[in-house]
file model.csv (CSV, C-alpha atoms)
chain,number,residue,atom,x,y,z
A,1187,MET,CA,0.0,0.0,0.0
A,1188,THR,CA,1.4,3.4,-1.0
A,1189,ILE,CA,1.1,6.1,1.7
A,1190,TYR,CA,0.6,9.8,0.7
A,1191,THR,CA,0.9,13.1,2.5
A,1192,ASN,CA,-0.5,16.4,1.3
A,1193,LEU,CA,2.2,19.0,0.7
A,1194,THR,CA,2.4,22.5,-0.7
A,1195,ILE,CA,5.7,23.3,-2.4
A,1196,ILE,CA,6.5,26.8,-3.5
A,1197,LEU,CA,9.8,27.7,-5.3
A,1198,PRO,CA,11.3,30.7,-7.1
A,1199,LYS,CA,11.2,30.7,-10.9
A,1200,ALA,CA,15.0,30.1,-11.1
A,1201,ALA,CA,14.5,26.7,-9.5
A,1202,GLN,CA,11.5,25.6,-11.6
A,1203,ALA,CA,13.3,23.6,-14.4
A,1204,LEU,CA,15.6,21.7,-11.9
A,1205,ALA,CA,12.7,20.9,-9.6
A,1206,GLN,CA,10.5,19.7,-12.5
A,1207,GLY,CA,13.3,17.5,-13.8
A,1208,LEU,CA,13.8,15.9,-10.4
A,1209,CYS,CA,10.1,15.3,-9.9
A,1210,VAL,CA,10.0,13.4,-13.2
A,1211,ALA,CA,13.2,11.5,-12.3
A,1212,ALA,CA,11.8,10.5,-8.9
A,1213,ALA,CA,8.2,9.7,-9.8
A,1214,GLY,CA,8.0,9.3,-13.5
A,1215,GLU,CA,4.8,10.5,-15.1
A,1216,ALA,CA,3.3,11.1,-11.7
A,1217,GLY,CA,5.9,13.9,-11.3
A,1218,ALA,CA,5.2,15.5,-14.7
A,1219,GLY,CA,3.3,18.7,-14.7
A,1220,MET,CA,4.6,20.0,-11.4
A,1221,PHE,CA,5.3,23.7,-10.8
A,1222,THR,CA,3.3,25.1,-13.7
A,1223,THR,CA,1.1,27.4,-11.7
A,1224,GLY,CA,2.6,30.8,-11.5
A,1225,LEU,CA,2.7,33.2,-8.5
A,1226,SER,CA,3.8,36.7,-7.9
A,1227,ALA,CA,3.5,39.3,-5.1
A,1228,THR,CA,0.9,41.3,-7.0
A,1229,GLY,CA,-1.0,38.5,-8.8
A,1230,GLU,CA,0.2,39.9,-12.1
A,1231,ALA,CA,2.6,38.4,-14.6
A,1232,PRO,CA,5.4,37.6,-14.9
A,1233,ALA,CA,5.6,34.7,-12.4
A,1234,THR,CA,8.3,35.0,-9.8
A,1235,HIS,CA,7.4,31.7,-8.1
A,1236,PHE,CA,5.6,28.4,-8.9
A,1237,ILE,CA,3.5,26.2,-6.7
A,1238,SER,CA,2.4,22.6,-6.7
A,1239,SER,CA,0.1,21.2,-4.0
A,1240,GLY,CA,-1.4,17.8,-3.4
A,1241,ALA,CA,-0.7,14.2,-2.5
A,1242,VAL,CA,3.0,13.2,-2.5
A,1243,GLU,CA,4.2,9.7,-1.8
A,1244,ALA,CA,5.5,9.6,1.8
A,1245,LYS,CA,8.9,8.2,0.7
A,1246,PHE,CA,9.4,11.4,-1.4
A,1247,ALA,CA,7.9,13.7,1.2
A,1248,ALA,CA,10.4,12.3,3.8
A,1249,ILE,CA,13.4,13.6,1.9
A,1250,LEU,CA,12.2,17.2,1.4
A,1251,PRO,CA,13.1,20.1,3.7
A,1252,LEU,CA,9.7,20.4,5.4
A,1253,SER,CA,8.8,23.7,7.0
A,1254,THR,CA,6.6,23.4,10.1
A,1255,ILE,CA,4.6,26.4,11.0
A,1256,THR,CA,3.4,26.9,14.6
A,1257,THR,CA,1.4,29.8,15.9
A,1258,VAL,CA,1.5,30.9,19.5
A,1259,ASP,CA,-0.3,34.1,20.6
A,1260,GLU,CA,-0.6,35.1,16.9
A,1261,VAL,CA,3.1,34.8,16.3
A,1262,GLU,CA,4.2,32.3,13.6
A,1263,THR,CA,7.4,30.4,14.0
A,1264,VAL,CA,8.8,28.4,11.0
A,1265,THR,CA,11.2,25.5,11.6
A,1266,ARG,CA,12.7,23.5,8.8
A,1267,SER,CA,14.0,20.0,8.6
A,1268,ALA,CA,17.2,19.6,6.6
A,1269,GLY,CA,15.9,17.3,3.9
A,1270,ASP,CA,18.0,14.4,2.5
A,1271,VAL,CA,20.3,15.8,-0.1
A,1272,ALA,CA,22.0,12.4,-0.6
A,1273,ALA,CA,18.6,10.7,-1.3
A,1274,VAL,CA,17.7,13.2,-3.9
A,1275,ILE,CA,21.1,12.8,-5.6
A,1276,GLN,CA,20.6,9.0,-5.6
A,1277,LEU,CA,17.1,9.3,-7.1
A,1278,ALA,CA,18.4,11.5,-9.9
A,1279,LYS,CA,21.3,9.1,-10.5
A,1280,ASP,CA,18.9,6.1,-10.7
A,1281,ALA,CA,17.0,8.1,-13.4
A,1282,GLY,CA,20.1,8.8,-15.4
A,1283,GLN,CA,20.5,12.4,-14.2
A,1284,THR,CA,23.6,13.9,-12.6
A,1285,VAL,CA,23.3,16.5,-9.9
A,1286,ASP,CA,25.7,17.4,-7.1
A,1287,ALA,CA,25.2,18.3,-3.4
A,1288,LYS,CA,25.7,22.0,-4.0
A,1289,THR,CA,22.9,22.1,-6.6
A,1290,ILE,CA,20.5,20.2,-4.4
A,1291,GLY,CA,21.4,22.2,-1.3
A,1292,GLY,CA,20.7,25.4,-3.3
A,1293,LEU,CA,17.4,24.0,-4.4
A,1294,PHE,CA,16.5,22.9,-0.8
A,1295,ALA,CA,17.3,26.5,0.4
A,1296,ALA,CA,15.0,27.9,-2.2
A,1297,LEU,CA,12.0,25.6,-1.6
A,1298,ASP,CA,9.1,26.2,0.8
A,1299,VAL,CA,7.6,22.8,1.6
A,1300,SER,CA,4.8,22.7,4.1
A,1301,GLU,CA,1.6,20.9,5.0
A,1302,GLN,CA,-0.3,24.1,4.9
A,1303,PRO,CA,-3.1,24.4,2.4
A,1304,PRO,CA,-1.9,26.3,-0.8
A,1305,PHE,CA,-3.6,29.6,-0.2
A,1306,VAL,CA,-2.4,29.7,3.4
A,1307,ALA,CA,1.2,29.0,2.4
A,1308,MET,CA,0.9,31.6,-0.4
A,1309,ALA,CA,-0.3,34.2,2.0
A,1310,ARG,CA,2.5,33.4,4.5
A,1311,LEU,CA,5.0,34.1,1.7
A,1312,GLY,CA,3.2,37.2,0.4
A,1313,LEU,CA,2.3,35.5,-3.0
A,1314,GLN,CA,-0.8,35.3,-5.1
A,1315,LEU,CA,-1.9,33.3,-8.1
A,1316,ILE,CA,-1.1,35.0,-11.4
A,1317,ALA,CA,-4.4,36.7,-12.4
A,1318,GLU,CA,-4.5,35.2,-15.9
A,1319,TYR,CA,-4.1,31.6,-14.7
A,1320,HIS,CA,-7.4,29.7,-14.7
A,1321,GLY,CA,-6.3,26.1,-13.8
A,1322,SER,CA,-6.0,24.3,-10.6
A,1323,ILE,CA,-3.1,24.1,-8.1

call {"tool": "encode", "arguments": {"input": "model.csv", "output": "structure tokens"}}
result
Amino acid sequence: MTIYTNLTIILPKAAQALAQGLCVAAAGEAGAGMFTTGLSATGEAPATHFISSGAVEAKFAAILPLSTITTVDEVETVTRSAGDVAAVIQLAKDAGQTVDAKTIGGLFAALDVSEQPPFVAMARLGLQLIAEYHGSI
């Protein structure tokens, strides 16, 4: 039985192509189509960030740098797990891709991965859907 967890992943435009390639390497067709929904601070193009949200296999979710958001007395605190750089490098290698620890470390630093619903995570980061986009997240 495959176990899934719901995640929202937001990344800057500069990390989009790398993240898309790694998603396909890790999950095949299930990873295709990730990070196509554009975001910006104003909701107007061009996109500065991209988002994907939904069910992710637990084995893949476990290697991502998860941000945990806690609120006490209306003050949010964000803590992050480190993620597993070596596991991502191995997944890429298994799929015939070559990436190094510096590249994956940079990607992990740029990602915001949380269990928050997409619009909550977007608001926390000061981002909005691009106004002309009419698809789903």

call {"tool": "closest_residue", "arguments": {"input": "model.csv", "among": "A:Gly1269, A:Gly1312, A:Gly1282, A:Gly1240", "to": "Ala1212 of chain A", "atoms": "all atoms listed in the file"}}
result
A:Gly1282

call {"tool": "atom_distance", "arguments": {"input": "model.csv", "atom1": "atom CA of Ala1233 of chain A", "atom2": "atom CA of Arg1266 of chain A"}}
result
25.0 Å

call {"tool": "closest_residue", "arguments": {"input": "model.csv", "among": "A:Leu1193, A:Ile1290, A:Val1264, A:Ile1316", "to": "Thr1222 of chain A", "atoms": "all atoms listed in the file"}}
result
A:Ile1316

call {"tool": "closest_residue", "arguments": {"input": "model.csv", "among": "A:Ala1244, A:Ile1195, A:Val1306, A:Ala1278", "to": "Met1220 of chain A", "atoms": "all atoms listed in the file"}}
result
A:Ile1195

call {"tool": "closest_residue", "arguments": {"input": "model.csv", "among": "A:Pro1251, A:Gly1224, A:Gly1219, A:Gly1229", "to": "Leu1297 of chain A", "atoms": "all atoms listed in the file"}}
result
A:Pro1251

call {"tool": "atom_distance", "arguments": {"input": "model.csv", "atom1": "atom CA of Ala1309 of chain A", "atom2": "atom CA of Thr1263 of chain A"}}
result
14.8 Å

call {"tool": "closest_residue", "arguments": {"input": "model.csv", "among": "A:Ala1295, A:Leu1204, A:Gln1314, A:Ala1213", "to": "Lys1245 of chain A", "atoms": "all atoms listed in the file"}}
result
A:Ala1213

call {"tool": "residues_near_point", "arguments": {"input": "model.csv", "point": "(6.3, 37.0, -11.0)", "cutoff": "10 Å", "atoms": "all atoms listed in the file", "output": "JSON list (two decimals) with C-alpha atoms, in the frame of the given file"}}
result
[["chain", "number", "residue", "atom", "x", "y", "z"],
["A", 1198, "PRO", "CA", 11.30, 30.70, -7.10],
["A", 1199, "LYS", "CA", 11.20, 30.70, -10.90],
["A", 1224, "GLY", "CA", 2.60, 30.80, -11.50],
["A", 1225, "LEU", "CA", 2.70, 33.20, -8.50],
["A", 1226, "SER", "CA", 3.80, 36.70, -7.90],
["A", 1227, "ALA", "CA", 3.50, 39.30, -5.10],
["A", 1228, "THR", "CA", 0.90, 41.30, -7.00],
["A", 1229, "GLY", "CA", -1.00, 38.50, -8.80],
["A", 1230, "GLU", "CA", 0.20, 39.90, -12.10],
["A", 1231, "ALA", "CA", 2.60, 38.40, -14.60],
["A", 1232, "PRO", "CA", 5.40, 37.60, -14.90],
["A", 1233, "ALA", "CA", 5.60, 34.70, -12.40],
["A", 1234, "THR", "CA", 8.30, 35.00, -9.80],
["A", 1235, "HIS", "CA", 7.40, 31.70, -8.10],
["A", 1236, "PHE", "CA", 5.60, 28.40, -8.90],
["A", 1313, "LEU", "CA", 2.30, 35.50, -3.00],
["A", 1314, "GLN", "CA", -0.80, 35.30, -5.10],
["A", 1315, "LEU", "CA", -1.90, 33.30, -8.10],
["A", 1316, "ILE", "CA", -1.10, 35.00, -11.40]]

call {"tool": "atom_distance", "arguments": {"input": "model.csv", "atom1": "atom CA of Gly1214 of chain A", "atom2": "atom CA of Asp1280 of chain A"}}
result
11.7 Å

call {"tool": "closest_residue", "arguments": {"input": "model.csv", "among": "A:Ser1239, A:Ser1300, A:Ala1268, A:Gly1291", "to": "Thr1256 of chain A", "atoms": "only C-alpha atoms"}}
result
A:Ser1300

call {"tool": "residues_around", "arguments": {"input": "model.csv", "residues": "Ile1275 of chain A", "least_positions_apart": "4", "cutoff": "9 Å", "atoms": "only C-alpha atoms", "output": "ChimeraX atom specification"}}
result
/A:1270-1271,1279-1280,1283-1287,1290

call {"tool": "write_last_selection", "arguments": {"input": "model.csv", "atoms": "C-alpha atoms", "output": "compact mmCIF listing (two decimals), keeping the file's coordinate frame"}}
result
# COMPACT_ATOMS: atom_id res chain seq x y z
CA ASP A 1270 18.00 14.40 2.50
CA VAL A 1271 20.30 15.80 -0.10
CA LYS A 1279 21.30 9.10 -10.50
CA ASP A 1280 18.90 6.10 -10.70
CA GLN A 1283 20.50 12.40 -14.20
CA THR A 1284 23.60 13.90 -12.60
CA VAL A 1285 23.30 16.50 -9.90
CA ASP A 1286 25.70 17.40 -7.10
CA ALA A 1287 25.20 18.30 -3.40
CA ILE A 1290 20.50 20.20 -4.40

call {"tool": "residues_around", "arguments": {"input": "model.csv", "residues": "Ala1218 of chain A", "least_positions_apart": "5", "cutoff": "10 Å", "atoms": "all atoms listed in the file", "output": "ChimeraX atom specification"}}
result
/A:1206-1211,1213

call {"tool": "residues_around", "arguments": {"input": "model.csv", "residues": "Glu1243 of chain A", "least_positions_apart": "2", "cutoff": "12 Å", "atoms": "all atoms listed in the file", "output": "ChimeraX atom specification"}}
result
/A:1187-1193,1209,1212-1213,1216-1217,1240-1241,1245-1250
